[in-house]
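Structure data follow from structure19.cif (mmCIF, C-alpha atoms and all ligand atoms):
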```cif
data_entry
#
loop_
_atom_site.label_atom_id
_atom_site.label_comp_id
_atom_site.auth_asym_id
_atom_site.auth_seq_id
_atom_site.Cartn_x
_atom_site.Cartn_y
_atom_site.Cartn_z
CA MET Q 26 -22.56 48.94 53.95
CA ARG Q 27 -25.96 48.30 52.37
CA GLU Q 28 -29.01 49.63 54.16
CA ILE Q 29 -31.31 46.80 55.27
CA PRO Q 30 -34.73 47.63 53.84
CA LEU Q 31 -38.11 46.63 55.19
CA LEU Q 32 -38.64 44.55 52.06
CA ASP Q 33 -36.72 44.22 48.79
CA LEU Q 34 -38.89 43.87 45.70
CA LYS Q 35 -36.06 44.88 43.36
CA GLU Q 36 -33.92 41.98 44.53
CA GLN Q 37 -36.90 39.63 44.25
CA TYR Q 38 -37.50 40.72 40.66
CA ARG Q 39 -33.81 40.16 39.87
CA THR Q 40 -34.10 36.50 40.97
CA ILE Q 41 -37.10 35.76 38.71
CA LYS Q 42 -36.58 38.33 35.96
CA LYS Q 43 -36.38 35.93 33.02
CA GLU Q 44 -39.58 34.10 33.90
CA ILE Q 45 -41.47 37.31 34.66
CA ASN Q 46 -40.38 39.02 31.46
CA ALA Q 47 -41.36 35.97 29.41
CA ALA Q 48 -44.75 35.81 31.14
CA ILE Q 49 -45.44 39.49 30.39
CA GLN Q 50 -44.30 39.00 26.80
CA ASN Q 51 -46.83 36.16 26.37
CA VAL Q 52 -49.69 38.43 27.46
CA LEU Q 53 -48.48 41.15 25.10
CA ASN Q 54 -48.25 38.68 22.20
CA ASP Q 55 -51.76 37.41 22.90
CA ALA Q 56 -53.18 40.88 23.69
CA ALA Q 57 -55.01 39.25 26.62
CA PHE Q 58 -55.01 42.34 28.78
CA SER Q 59 -58.23 42.45 30.79
CA GLY Q 60 -59.59 39.24 32.27
CA GLY Q 61 -59.08 36.43 29.75
CA PRO Q 62 -57.08 33.19 29.65
CA TYR Q 63 -54.16 34.25 31.88
CA VAL Q 64 -56.57 35.24 34.61
CA GLY Q 65 -58.36 31.88 34.19
CA LEU Q 66 -55.07 30.02 34.48
CA PHE Q 67 -53.98 31.90 37.58
CA GLU Q 68 -57.41 31.35 39.17
CA LYS Q 69 -57.07 27.62 38.56
CA HIS Q 70 -53.61 27.46 40.13
CA PHE Q 71 -54.49 29.74 43.06
CA ALA Q 72 -57.61 27.66 43.77
CA LYS Q 73 -55.50 24.49 43.80
CA TYR Q 74 -52.90 26.09 46.05
CA ASN Q 75 -55.60 27.01 48.57
CA GLY Q 76 -57.59 23.80 48.27
CA ALA Q 77 -60.52 25.98 47.14
CA PRO Q 78 -63.14 24.76 44.70
CA TYR Q 79 -63.55 28.31 43.35
CA THR Q 80 -61.37 31.39 43.00
CA VAL Q 81 -62.26 34.67 41.31
CA GLY Q 82 -59.44 37.05 40.35
CA LEU Q 83 -60.11 40.76 40.95
CA ASN Q 84 -58.42 44.12 40.69
CA SER Q 85 -57.65 44.54 44.42
CA GLY Q 86 -58.09 43.11 47.89
CA THR Q 87 -60.45 45.96 48.71
CA SER Q 88 -62.68 44.89 45.80
CA ALA Q 89 -62.51 41.30 47.08
CA LEU Q 90 -63.88 42.36 50.48
CA TYR Q 91 -66.49 44.63 48.91
CA LEU Q 92 -67.82 42.02 46.48
CA ALA Q 93 -67.72 39.38 49.23
CA LEU Q 94 -70.05 41.49 51.38
CA ILE Q 95 -72.43 42.10 48.45
CA ALA Q 96 -72.46 38.39 47.59
CA LEU Q 97 -73.30 37.60 51.22
CA ASN Q 98 -76.19 40.08 51.11
CA ILE Q 99 -74.81 42.57 53.63
CA LYS Q 100 -76.70 45.82 53.15
CA ALA Q 101 -77.45 49.27 54.53
CA GLY Q 102 -78.62 49.01 58.14
CA ASP Q 103 -76.59 45.86 58.84
CA GLU Q 104 -73.66 45.72 61.24
CA VAL Q 105 -70.39 43.90 60.61
CA ILE Q 106 -67.80 43.22 63.31
CA VAL Q 107 -64.28 44.18 62.25
CA PRO Q 108 -61.06 44.09 64.30
CA VAL Q 109 -59.98 47.61 65.20
CA ASN Q 110 -56.34 46.65 64.65
CA THR Q 111 -56.24 46.16 60.88
CA PHE Q 112 -55.49 48.02 57.69
CA ILE Q 113 -58.39 50.39 57.06
CA ALA Q 114 -59.56 48.64 53.85
CA THR Q 115 -61.15 45.88 55.97
CA ALA Q 116 -63.57 48.47 57.31
CA TRP Q 117 -63.98 50.32 53.99
CA ALA Q 118 -65.73 47.35 52.45
CA VAL Q 119 -68.38 47.45 55.18
CA SER Q 120 -68.92 51.16 54.61
CA TYR Q 121 -69.14 50.70 50.82
CA VAL Q 122 -72.21 48.47 51.17
CA GLY Q 123 -73.79 51.02 53.54
CA ALA Q 124 -73.43 48.79 56.59
CA LYS Q 125 -71.81 49.87 59.86
CA PRO Q 126 -68.38 48.63 60.92
CA VAL Q 127 -68.53 47.67 64.59
CA PHE Q 128 -64.99 47.49 65.87
CA ALA Q 129 -63.61 44.89 68.26
CA ASP Q 130 -60.42 45.16 70.31
CA CYS Q 131 -57.41 42.86 69.90
CA THR Q 132 -55.76 40.55 72.40
CA ARG Q 133 -52.79 41.72 74.48
CA ASP Q 134 -50.42 39.07 73.19
CA THR Q 135 -51.35 38.13 69.60
CA TRP Q 136 -52.63 41.61 68.65
CA GLN Q 137 -55.38 39.84 66.69
CA ILE Q 138 -59.17 40.08 67.05
CA ASP Q 139 -60.11 39.12 70.60
CA PRO Q 140 -62.79 36.35 70.47
CA SER Q 141 -63.82 37.04 74.06
CA LYS Q 142 -64.99 40.54 73.10
CA LEU Q 143 -67.27 39.58 70.22
CA GLU Q 144 -70.51 38.47 71.86
CA ARG Q 145 -71.18 41.81 73.52
CA LYS Q 146 -71.07 43.49 70.06
CA ILE Q 147 -73.80 41.30 68.62
CA ASN Q 148 -77.39 42.50 68.25
CA ARG Q 149 -80.25 41.98 65.78
CA LYS Q 150 -78.50 44.06 63.13
CA THR Q 151 -75.25 42.08 63.24
CA LYS Q 152 -74.86 40.01 60.08
CA ALA Q 153 -71.17 39.20 59.69
CA ILE Q 154 -67.70 39.06 61.21
CA ILE Q 155 -64.59 39.85 59.20
CA GLY Q 156 -61.54 38.23 60.79
CA VAL Q 157 -58.12 39.43 59.66
CA HIS Q 158 -55.03 37.21 59.57
CA LEU Q 159 -52.95 40.25 60.37
CA PHE Q 160 -49.20 40.23 59.58
CA GLY Q 161 -49.62 36.70 58.18
CA GLN Q 162 -50.63 35.20 61.52
CA PRO Q 163 -54.00 33.41 61.62
CA PHE Q 164 -56.50 34.73 64.15
CA ASN Q 165 -58.21 32.31 66.54
CA ILE Q 166 -60.50 30.83 63.88
CA ASP Q 167 -62.20 28.17 66.03
CA ARG Q 168 -63.35 30.66 68.63
CA VAL Q 169 -64.43 33.34 66.17
CA MET Q 170 -66.23 30.73 64.05
CA ALA Q 171 -68.01 29.33 67.11
CA THR Q 172 -69.44 32.80 67.83
CA ALA Q 173 -70.39 33.28 64.18
CA LYS Q 174 -72.20 29.91 64.17
CA LYS Q 175 -73.95 30.55 67.48
CA TYR Q 176 -75.46 33.80 66.18
CA LYS Q 177 -75.86 32.66 62.55
CA LEU Q 178 -73.42 35.26 61.24
CA VAL Q 179 -71.36 34.84 58.08
CA LEU Q 180 -67.59 34.84 58.46
CA ILE Q 181 -65.24 36.47 55.99
CA GLU Q 182 -61.52 35.87 56.27
CA ASP Q 183 -59.36 38.83 55.28
CA CYS Q 184 -56.28 36.96 54.05
CA ALA Q 185 -54.69 40.02 52.41
CA GLN Q 186 -51.53 39.49 54.47
CA ALA Q 187 -51.59 35.72 54.82
CA HIS Q 188 -51.18 33.84 51.52
CA GLY Q 189 -50.22 30.30 52.51
CA GLY Q 190 -50.72 30.92 56.25
CA ARG Q 191 -51.97 27.88 58.15
CA TYR Q 192 -54.34 27.43 61.04
CA LYS Q 193 -53.92 24.04 62.77
CA GLY Q 194 -52.09 22.89 59.64
CA LYS Q 195 -54.80 23.96 57.14
CA LYS Q 196 -54.44 26.90 54.80
CA VAL Q 197 -56.38 30.02 55.75
CA GLY Q 198 -59.13 31.31 53.46
CA MET Q 199 -61.43 28.27 53.40
CA PHE Q 200 -62.64 28.27 57.02
CA GLY Q 201 -65.21 31.01 56.61
CA ASP Q 202 -67.78 31.67 53.87
CA ILE Q 203 -65.35 33.65 51.70
CA GLY Q 204 -61.60 34.26 51.87
CA CYS Q 205 -60.33 37.57 50.47
CA PHE Q 206 -56.78 38.10 49.21
CA SER Q 207 -54.83 41.16 48.11
CA PHE Q 208 -51.93 41.01 45.66
CA TYR Q 209 -50.69 44.51 46.39
CA PRO Q 210 -46.98 44.50 45.41
CA SER Q 211 -45.57 44.21 48.94
CA LYS Q 212 -47.72 41.20 49.88
CA ASN Q 213 -46.26 37.69 50.27
CA LEU Q 214 -47.74 37.05 46.83
CA GLY Q 215 -47.62 40.45 45.17
CA ALA Q 216 -48.48 41.66 41.67
CA TYR Q 217 -46.59 44.34 39.76
CA GLY Q 218 -49.56 46.63 40.13
CA GLU Q 219 -52.87 45.95 41.86
CA GLY Q 220 -54.73 42.66 42.26
CA GLY Q 221 -56.97 40.61 44.53
CA ALA Q 222 -59.04 37.42 44.65
CA ILE Q 223 -61.72 35.61 46.59
CA VAL Q 224 -61.77 31.89 47.40
CA THR Q 225 -64.93 29.98 48.31
CA LYS Q 226 -66.56 26.55 48.41
CA ASN Q 227 -69.84 28.02 47.22
CA LEU Q 228 -70.46 27.97 43.46
CA GLY Q 229 -73.33 30.49 43.70
CA ILE Q 230 -71.11 33.01 45.51
CA ALA Q 231 -68.28 32.49 43.00
CA GLN Q 232 -70.63 33.03 40.05
CA ARG Q 233 -72.16 36.14 41.59
CA ILE Q 234 -68.72 37.68 42.19
CA ARG Q 235 -67.60 36.62 38.69
CA SER Q 236 -70.58 38.54 37.32
CA LEU Q 237 -70.25 41.55 39.66
CA ARG Q 238 -66.60 42.09 38.71
CA ASN Q 239 -67.60 42.21 35.04
CA HIS Q 240 -70.44 44.78 34.89
CA GLY Q 241 -72.97 42.30 36.27
CA SER Q 242 -72.51 40.08 33.26
CA LEU Q 243 -71.59 36.45 32.61
CA LYS Q 244 -72.70 36.61 28.98
CA LYS Q 245 -71.38 39.49 26.89
CA TYR Q 246 -73.74 42.50 26.83
CA TYR Q 247 -76.36 40.76 28.99
CA HIS Q 248 -76.37 42.49 32.38
CA THR Q 249 -78.36 40.78 35.11
CA GLU Q 250 -77.58 43.32 37.87
CA ILE Q 251 -75.68 46.57 38.37
CA GLY Q 252 -72.07 45.52 38.40
CA PHE Q 253 -68.56 46.91 38.47
CA ASN Q 254 -65.34 46.87 36.51
CA MET Q 255 -63.18 44.95 38.99
CA ARG Q 256 -61.53 42.45 36.68
CA MET Q 257 -57.94 41.29 37.15
CA ASP Q 258 -55.43 42.37 34.47
CA GLY Q 259 -53.93 39.69 32.24
CA ILE Q 260 -50.39 40.93 32.91
CA GLN Q 261 -50.91 40.81 36.68
CA ALA Q 262 -52.36 37.30 36.44
CA ALA Q 263 -49.38 36.07 34.39
CA ILE Q 264 -46.94 37.62 36.90
CA LEU Q 265 -48.82 36.14 39.86
CA ASP Q 266 -48.85 32.74 38.18
CA VAL Q 267 -45.04 32.79 38.02
CA LYS Q 268 -44.68 34.06 41.57
CA LEU Q 269 -47.17 31.50 42.95
CA ASN Q 270 -44.57 28.80 42.19
CA TYR Q 271 -42.18 30.49 44.62
CA LEU Q 272 -44.65 31.32 47.37
CA GLU Q 273 -43.98 28.25 49.57
CA ARG Q 274 -40.22 28.72 49.26
CA TRP Q 275 -40.50 32.42 50.10
CA ASN Q 276 -42.82 31.76 53.05
CA LYS Q 277 -40.40 29.12 54.35
CA ARG Q 278 -37.59 31.66 54.25
CA ARG Q 279 -39.75 34.21 56.07
CA ARG Q 280 -40.34 31.58 58.78
CA GLN Q 281 -36.60 30.93 59.06
CA ILE Q 282 -35.89 34.63 59.54
CA ALA Q 283 -38.76 34.89 62.05
CA HIS Q 284 -37.28 31.95 63.95
CA MET Q 285 -33.90 33.72 64.12
CA TYR Q 286 -35.62 36.85 65.43
CA GLN Q 287 -37.73 34.91 67.94
CA THR Q 288 -34.85 32.91 69.36
CA GLN Q 289 -32.06 35.49 69.21
CA ILE Q 290 -33.67 38.82 70.03
CA LYS Q 291 -33.03 39.19 73.74
CA ASN Q 292 -33.77 42.64 75.04
CA PRO Q 293 -36.08 43.48 77.97
CA HIS Q 294 -37.29 46.60 76.10
CA ILE Q 295 -38.66 44.55 73.21
CA VAL Q 296 -41.92 42.53 73.17
CA LEU Q 297 -42.50 39.96 70.43
CA GLN Q 298 -45.88 38.90 69.03
CA TYR Q 299 -47.09 35.75 70.79
CA GLN Q 300 -47.39 32.78 68.44
CA PRO Q 301 -50.01 30.27 69.67
CA LEU Q 302 -49.29 26.60 68.92
CA TRP Q 303 -51.95 26.47 66.20
CA SER Q 304 -50.52 29.45 64.40
CA GLY Q 305 -48.73 28.84 61.10
CA SER Q 306 -47.78 32.45 60.41
CA VAL Q 307 -46.25 33.44 57.08
CA TYR Q 308 -44.81 36.62 58.58
CA HIS Q 309 -45.97 39.15 56.04
CA LEU Q 310 -44.62 41.64 58.57
CA PHE Q 311 -42.51 41.11 61.65
CA VAL Q 312 -43.85 43.47 64.27
CA ILE Q 313 -42.41 44.07 67.73
CA LYS Q 314 -43.52 46.38 70.52
CA THR Q 315 -41.34 48.84 72.41
CA LYS Q 316 -42.27 51.66 74.79
CA ARG Q 317 -39.98 54.42 73.44
CA ARG Q 318 -40.71 53.78 69.78
CA GLU Q 319 -39.23 56.98 68.31
CA LYS Q 320 -35.96 56.37 70.10
CA PHE Q 321 -35.90 52.75 68.93
CA MET Q 322 -36.56 53.77 65.32
CA ARG Q 323 -33.81 56.40 65.45
CA SER Q 324 -31.40 53.87 66.84
CA MET Q 325 -32.23 51.43 64.01
CA GLU Q 326 -31.82 54.20 61.46
CA LYS Q 327 -28.33 54.92 62.78
CA ASN Q 328 -27.56 51.27 62.07
CA ARG Q 329 -28.99 51.67 58.54
CA ILE Q 330 -31.92 49.39 59.34
CA MET Q 331 -35.34 50.44 58.05
CA THR Q 332 -38.42 50.26 60.26
CA ALA Q 333 -42.08 51.24 59.82
CA ILE Q 334 -45.31 51.46 61.81
CA HIS Q 335 -48.27 49.14 61.13
CA TYR Q 336 -50.46 50.95 62.05
CA PRO Q 337 -50.09 54.28 63.87
CA ILE Q 338 -53.83 54.99 64.31
CA PRO Q 339 -56.40 52.25 65.02
CA CYS Q 340 -59.44 52.28 62.73
CA HIS Q 341 -61.87 53.75 65.29
CA LEU Q 342 -59.74 56.90 65.70
CA GLN Q 343 -59.34 57.56 61.97
CA LYS Q 344 -60.90 60.85 60.91
CA ALA Q 345 -62.90 59.06 58.23
CA TYR Q 346 -64.81 57.24 60.98
CA ASN Q 347 -65.50 60.25 63.23
CA HIS Q 348 -69.18 59.86 62.43
CA LEU Q 349 -69.29 56.47 64.18
CA GLY Q 350 -68.75 58.28 67.49
CA TYR Q 351 -65.86 56.26 68.88
CA LYS Q 352 -63.35 57.97 71.17
CA THR Q 353 -59.92 57.44 72.68
CA GLY Q 354 -60.14 54.82 75.40
CA ASP Q 355 -62.76 52.67 73.65
CA PHE Q 356 -60.18 50.04 72.64
CA PRO Q 357 -57.36 50.27 75.17
CA VAL Q 358 -55.41 47.25 73.93
CA ALA Q 359 -55.29 48.35 70.28
CA GLU Q 360 -54.61 51.96 71.28
CA SER Q 361 -51.64 50.98 73.43
CA TYR Q 362 -50.44 48.61 70.68
CA SER Q 363 -50.60 51.37 68.06
CA LYS Q 364 -48.32 53.58 70.15
CA GLN Q 365 -45.67 50.90 70.61
CA CYS Q 366 -45.63 48.77 67.46
CA VAL Q 367 -42.70 48.78 65.03
CA SER Q 368 -42.11 46.57 61.99
CA ILE Q 369 -38.56 45.40 61.41
CA PRO Q 370 -37.14 44.09 58.11
CA MET Q 371 -38.78 40.89 56.82
CA TYR Q 372 -38.46 39.60 53.26
CA PRO Q 373 -37.43 36.27 51.78
CA GLU Q 374 -34.34 37.65 50.05
CA MET Q 375 -32.84 38.71 53.38
CA THR Q 376 -29.56 36.95 54.12
CA ASP Q 377 -28.66 35.36 57.46
CA SER Q 378 -25.98 37.99 57.98
CA GLU Q 379 -28.52 40.79 57.41
CA ALA Q 380 -30.90 39.15 59.90
CA LYS Q 381 -28.01 38.87 62.39
CA LYS Q 382 -27.23 42.53 61.91
CA VAL Q 383 -30.84 43.42 62.75
CA ILE Q 384 -30.75 41.14 65.82
CA GLU Q 385 -27.45 42.57 67.07
CA ALA Q 386 -28.66 46.14 66.63
CA ILE Q 387 -31.85 45.35 68.56
CA ASN Q 388 -29.94 43.56 71.32
CA ARG Q 389 -27.59 46.55 71.67
CA TYR Q 390 -30.54 48.97 72.00
CA GLU Q 391 -30.63 50.34 75.53
CA GLY Q 392 -34.24 51.50 75.73
C1 LIG C 1 -55.53 43.47 55.98
C2 LIG C 1 -55.76 44.08 54.64
N1 LIG C 1 -57.01 44.09 54.14
C3 LIG C 1 -57.27 44.60 52.93
C4 LIG C 1 -56.28 45.14 52.14
C5 LIG C 1 -56.66 45.77 50.84
O1 LIG C 1 -56.01 45.21 49.76
P1 LIG C 1 -55.69 46.10 48.45
O2 LIG C 1 -54.62 47.06 48.80
O3 LIG C 1 -55.25 45.07 47.45
O4 LIG C 1 -56.95 46.76 48.05
C6 LIG C 1 -54.96 45.13 52.61
C7 LIG C 1 -53.80 45.61 51.86
O5 LIG C 1 -53.56 46.56 51.31
C8 LIG C 1 -54.70 44.60 53.90
O6 LIG C 1 -53.46 44.59 54.40
#
```

The structure in this file should be written as structure tokens.
Ligand SMILES: Cc1ncc(COP(=O)(O)O)c(C=O)c1O
Amino acid sequence: MREIPLLDLKEQYRTIKKEINAAIQNVLNDAAFSGGPYVGLFEKHFAKYNGAPYTVGLNSGTSALYLALIALNIKAGDEVIVPVNTFIATAWAVSYVGAKPVFADCTRDTWQIDPSKLERKINRKTKAIIGVHLFGQPFNIDRVMATAKKYKLVLIEDCAQAHGGRYKGKKVGMFGDIGCFSFYPSKNLGAYGEGGAIVTKNLGIAQRIRSLRNHGSLKKYYHTEIGFNMRMDGIQAAILDVKLNYLERWNKRRRQIAHMYQTQIKNPHIVLQYQPLWSGSVYHLFVIKTKRREKFMRSMEKNRIMTAIHYPIPCHLQKAYNHLGYKTGDFPVAESYSKQCVSIPMYPEMTDSEAKKVIEAINRYEG
């Protein structure tokens, strides 16, 4: 019997192989490798998909967050509020600009940034909040945005895991000042290498990031500021352009699988992520909580079902951030979450019978 993986990129490639190979061939024929027309085309389509006036394609989601902070003038000495329960790259971007990440705990049920814990973090140095639509589920945008407005802070949406996710029916990414996406291969919209993008309503911000990604230059060999090489590859853009056409279909399938899990997993030892009414999750990951995690993972392994942990150590307890002086106990909700969370298989190519097998194995688990 086939092992049920956490995700299945080989099977996904098999279903779109012809189109992908043709798209790569076009880039090779045109030798449009770095930036160039295929990036422009993907930017146009990704902007339309998100209802964004401007999109800038980049070489990673981390670069997207980094350039977003520069474009919003966040500098050394500033503080930026970041959820403690996120992938570390959200915080990296703050450190790259010399600012200080100030972590905020998550809620007990959604495991997303807790809006009620933001105000007490704000002081004169606070300049921005980065909200993360973790696992594809939008955070409470209205409440986080209300705090940002009240204190005149900019809001960045980290949409690395939430391509196509909806908050109150509207796609994420355009609520804040800048939306940042990653196209890391495992993402809902994933490249065959690295990639990222920003979306924004603001032409000035888009132009600044366009220049920053290209050595601080909009006109060849004229450099208006110190920039970077953070351009998107032509091959990645062409691949993403093909895959973008499938994104809604793939997200719909993820939602169907999530619905099966949510309605059919019935085990007192398992806690599911709470989905508020306004949440249009695209289930980048399907995470559950269970007290005896190692035992649960071993039991899944015996059933040839892959699991993983997202994430075992919350940002404030990572060695890299020792210098910030946080300690165990500072964020009790995220710390308890990180000891109990487990991701179970979630990918659009999963069949109903595979999903049923996962559900049955979980329901048989005795805790
Ligand atoms: C929440 C989050 N933010 C940022 C990133 C960084 O994106 P990338 O890996 O493309 O640099 C990722 C993914 O890796 C992520 O999951």

Mind dumping a table of every chain Q residue within 7 Å of ligand LIG 1 (chain C), with the nearest atom pair and its distance in Å to one decimal, using only C-alpha atoms and all ligand atoms, sorted by chain and rising number, as a tab-separated table?
```
residue	atom	partner	partner_atom	distance
Q:Ser85	CA	C:LIG1	O3	3.9
Q:Gly86	CA	C:LIG1	O3	3.5
Q:Thr87	CA	C:LIG1	O4	3.7
Q:Ser88	CA	C:LIG1	O4	6.4
Q:Thr111	CA	C:LIG1	C1	5.6
Q:Phe112	CA	C:LIG1	C1	4.9
Q:Ala114	CA	C:LIG1	C3	4.7
Q:Thr115	CA	C:LIG1	N1	4.9
Q:Val157	CA	C:LIG1	C1	6.0
Q:Leu159	CA	C:LIG1	C1	6.0
Q:Asp183	CA	C:LIG1	N1	5.9
Q:Cys184	CA	C:LIG1	C1	6.8
Q:Ala185	CA	C:LIG1	C2	4.8
Q:Gln186	CA	C:LIG1	O6	5.5
Q:Ser207	CA	C:LIG1	O3	4.0
Q:Phe208	CA	C:LIG1	O3	5.5
Q:Tyr209	CA	C:LIG1	O3	4.7
Q:Glu219	CA	C:LIG1	O3	6.1
Q:Gly220	CA	C:LIG1	O3	5.7
Q:Gly221	CA	C:LIG1	O3	5.6
```

Inset, instruction - Measure the distance from CA of Ile260 in chain Q to CA of Thr225 in chain Q in Å and round it to one decimal. - result: 23.8 Å

Each residue of range 126-242 of chain Q with at least one atom at most 12 Å from range 334-352 of chain Q should appear once, together with its nearest atom pair and the corresponding distance in Å (one decimal); atoms considered: all atoms listed in the file; ordering: chain, then increasing residue number; output as JSON lines.
```
{"residue": "Q:Pro126", "atom": "CA", "partner": "Q:Leu349", "partner_atom": "CA", "distance": 8.5}
{"residue": "Q:Val127", "atom": "CA", "partner": "Q:Leu349", "partner_atom": "CA", "distance": 8.8}
{"residue": "Q:Phe128", "atom": "CA", "partner": "Q:His341", "partner_atom": "CA", "distance": 7.0}
{"residue": "Q:Ala129", "atom": "CA", "partner": "Q:His341", "partner_atom": "CA", "distance": 9.5}
{"residue": "Q:Asp130", "atom": "CA", "partner": "Q:Pro339", "partner_atom": "CA", "distance": 9.7}
{"residue": "Q:Cys131", "atom": "CA", "partner": "Q:Pro339", "partner_atom": "CA", "distance": 10.6}
{"residue": "Q:Trp136", "atom": "CA", "partner": "Q:His335", "partner_atom": "CA", "distance": 11.5}
{"residue": "Q:Leu159", "atom": "CA", "partner": "Q:His335", "partner_atom": "CA", "distance": 10.1}
{"residue": "Q:Phe160", "atom": "CA", "partner": "Q:His335", "partner_atom": "CA", "distance": 9.1}
```

Legend entry - Of the listed residues Q:Gly204, Q:Pro62, Q:Gly189, Q:Pro210, that which approaches Ile230 in chain Q most closely, counting only C-alpha atoms: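 Of Q:Gly204, Q:Pro62, Q:Gly189, Q:Pro210, the one nearest Ile230 in chain Q is Q:Gly204, counting only C-alpha atoms.
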
Using only C-alpha atoms, what table do you get, as a tab-separated table, when you list each residue of range 186-281 of chain Q with an atom no more than 12 Å from range 147-153 of chain Q, its nearest pair of atoms, and their distance in Å rounded to one decimal, rows by chain then rising number?
```
residue	atom	partner	partner_atom	distance
Q:Gly201	CA	Q:Ala153	CA	10.6
Q:Asp202	CA	Q:Ala153	CA	10.1
Q:Ile203	CA	Q:Ala153	CA	11.3
```

Legend entry - d(CA of Ile223 in chain Q, CA of Lys43 in chain Q) in Å: 28.7 Å

Inset, instruction - Report the distance between CA of Leu243 in chain Q and CA of Gly229 in chain Q in Å, rounded to one decimal place. - result: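 Interatomic distance here is 12.7 Å.
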
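Counting only C-alpha atoms and comparing Q:Asp103, Q:Asp139, Q:Asp377, Q:Asp55, the residue that lies closest to Ile29 in chain Q is Q:Asp377.
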
Since the input lacks atoms, please generate N, CA and C atoms for range 198-214 of chain Q and provide them as a PDB file, in the frame of the given file.
```pdb
ATOM      1  N   GLY Q 198     -58.347  30.863  54.624  1.00  0.00           N
ATOM      2  CA  GLY Q 198     -59.130  31.310  53.460  1.00  0.00           C
ATOM      3  C   GLY Q 198     -60.374  30.476  53.241  1.00  0.00           C
ATOM      4  N   MET Q 199     -60.310  29.181  53.673  1.00  0.00           N
ATOM      5  CA  MET Q 199     -61.430  28.270  53.400  1.00  0.00           C
ATOM      6  C   MET Q 199     -62.197  27.915  54.672  1.00  0.00           C
ATOM      7  N   PHE Q 200     -61.904  28.571  55.787  1.00  0.00           N
ATOM      8  CA  PHE Q 200     -62.640  28.270  57.020  1.00  0.00           C
ATOM      9  C   PHE Q 200     -63.986  28.979  57.035  1.00  0.00           C
ATOM     10  N   GLY Q 201     -63.986  30.215  56.595  1.00  0.00           N
ATOM     11  CA  GLY Q 201     -65.210  31.010  56.610  1.00  0.00           C
ATOM     12  C   GLY Q 201     -66.003  30.830  55.319  1.00  0.00           C
ATOM     13  N   ASP Q 202     -66.953  31.758  55.077  1.00  0.00           N
ATOM     14  CA  ASP Q 202     -67.780  31.670  53.870  1.00  0.00           C
ATOM     15  C   ASP Q 202     -67.000  32.108  52.631  1.00  0.00           C
ATOM     16  N   ILE Q 203     -66.169  33.142  52.810  1.00  0.00           N
ATOM     17  CA  ILE Q 203     -65.350  33.650  51.700  1.00  0.00           C
ATOM     18  C   ILE Q 203     -63.990  34.075  52.260  1.00  0.00           C
ATOM     19  N   GLY Q 204     -62.933  33.765  51.526  1.00  0.00           N
ATOM     20  CA  GLY Q 204     -61.600  34.260  51.870  1.00  0.00           C
ATOM     21  C   GLY Q 204     -61.206  35.328  50.871  1.00  0.00           C
ATOM     22  N   CYS Q 205     -60.674  36.451  51.362  1.00  0.00           N
ATOM     23  CA  CYS Q 205     -60.330  37.570  50.470  1.00  0.00           C
ATOM     24  C   CYS Q 205     -58.829  37.827  50.496  1.00  0.00           C
ATOM     25  N   PHE Q 206     -58.237  37.887  49.322  1.00  0.00           N
ATOM     26  CA  PHE Q 206     -56.780  38.100  49.210  1.00  0.00           C
ATOM     27  C   PHE Q 206     -56.488  39.402  48.485  1.00  0.00           C
ATOM     28  N   SER Q 207     -55.357  40.001  48.842  1.00  0.00           N
ATOM     29  CA  SER Q 207     -54.830  41.160  48.110  1.00  0.00           C
ATOM     30  C   SER Q 207     -53.513  40.729  47.475  1.00  0.00           C
ATOM     31  N   PHE Q 208     -53.246  41.240  46.283  1.00  0.00           N
ATOM     32  CA  PHE Q 208     -51.930  41.010  45.660  1.00  0.00           C
ATOM     33  C   PHE Q 208     -51.200  42.325  45.477  1.00  0.00           C
ATOM     34  N   TYR Q 209     -51.446  43.259  46.383  1.00  0.00           N
ATOM     35  CA  TYR Q 209     -50.690  44.510  46.390  1.00  0.00           C
ATOM     36  C   TYR Q 209     -49.197  44.146  46.358  1.00  0.00           C
ATOM     37  N   PRO Q 210     -48.364  44.935  45.655  1.00  0.00           N
ATOM     38  CA  PRO Q 210     -46.980  44.500  45.410  1.00  0.00           C
ATOM     39  C   PRO Q 210     -46.184  44.003  46.608  1.00  0.00           C
ATOM     40  N   SER Q 211     -46.400  44.600  47.790  1.00  0.00           N
ATOM     41  CA  SER Q 211     -45.570  44.210  48.940  1.00  0.00           C
ATOM     42  C   SER Q 211     -46.044  42.926  49.620  1.00  0.00           C
ATOM     43  N   LYS Q 212     -47.174  42.383  49.200  1.00  0.00           N
ATOM     44  CA  LYS Q 212     -47.720  41.200  49.880  1.00  0.00           C
ATOM     45  C   LYS Q 212     -46.842  39.963  49.650  1.00  0.00           C
ATOM     46  N   ASN Q 213     -47.062  38.913  50.441  1.00  0.00           N
ATOM     47  CA  ASN Q 213     -46.260  37.690  50.270  1.00  0.00           C
ATOM     48  C   ASN Q 213     -46.375  37.173  48.837  1.00  0.00           C
ATOM     49  N   LEU Q 214     -47.559  37.290  48.257  1.00  0.00           N
ATOM     50  CA  LEU Q 214     -47.740  37.050  46.830  1.00  0.00           C
ATOM     51  C   LEU Q 214     -48.225  38.379  46.244  1.00  0.00           C
TER      52      LEU Q 214
END
```
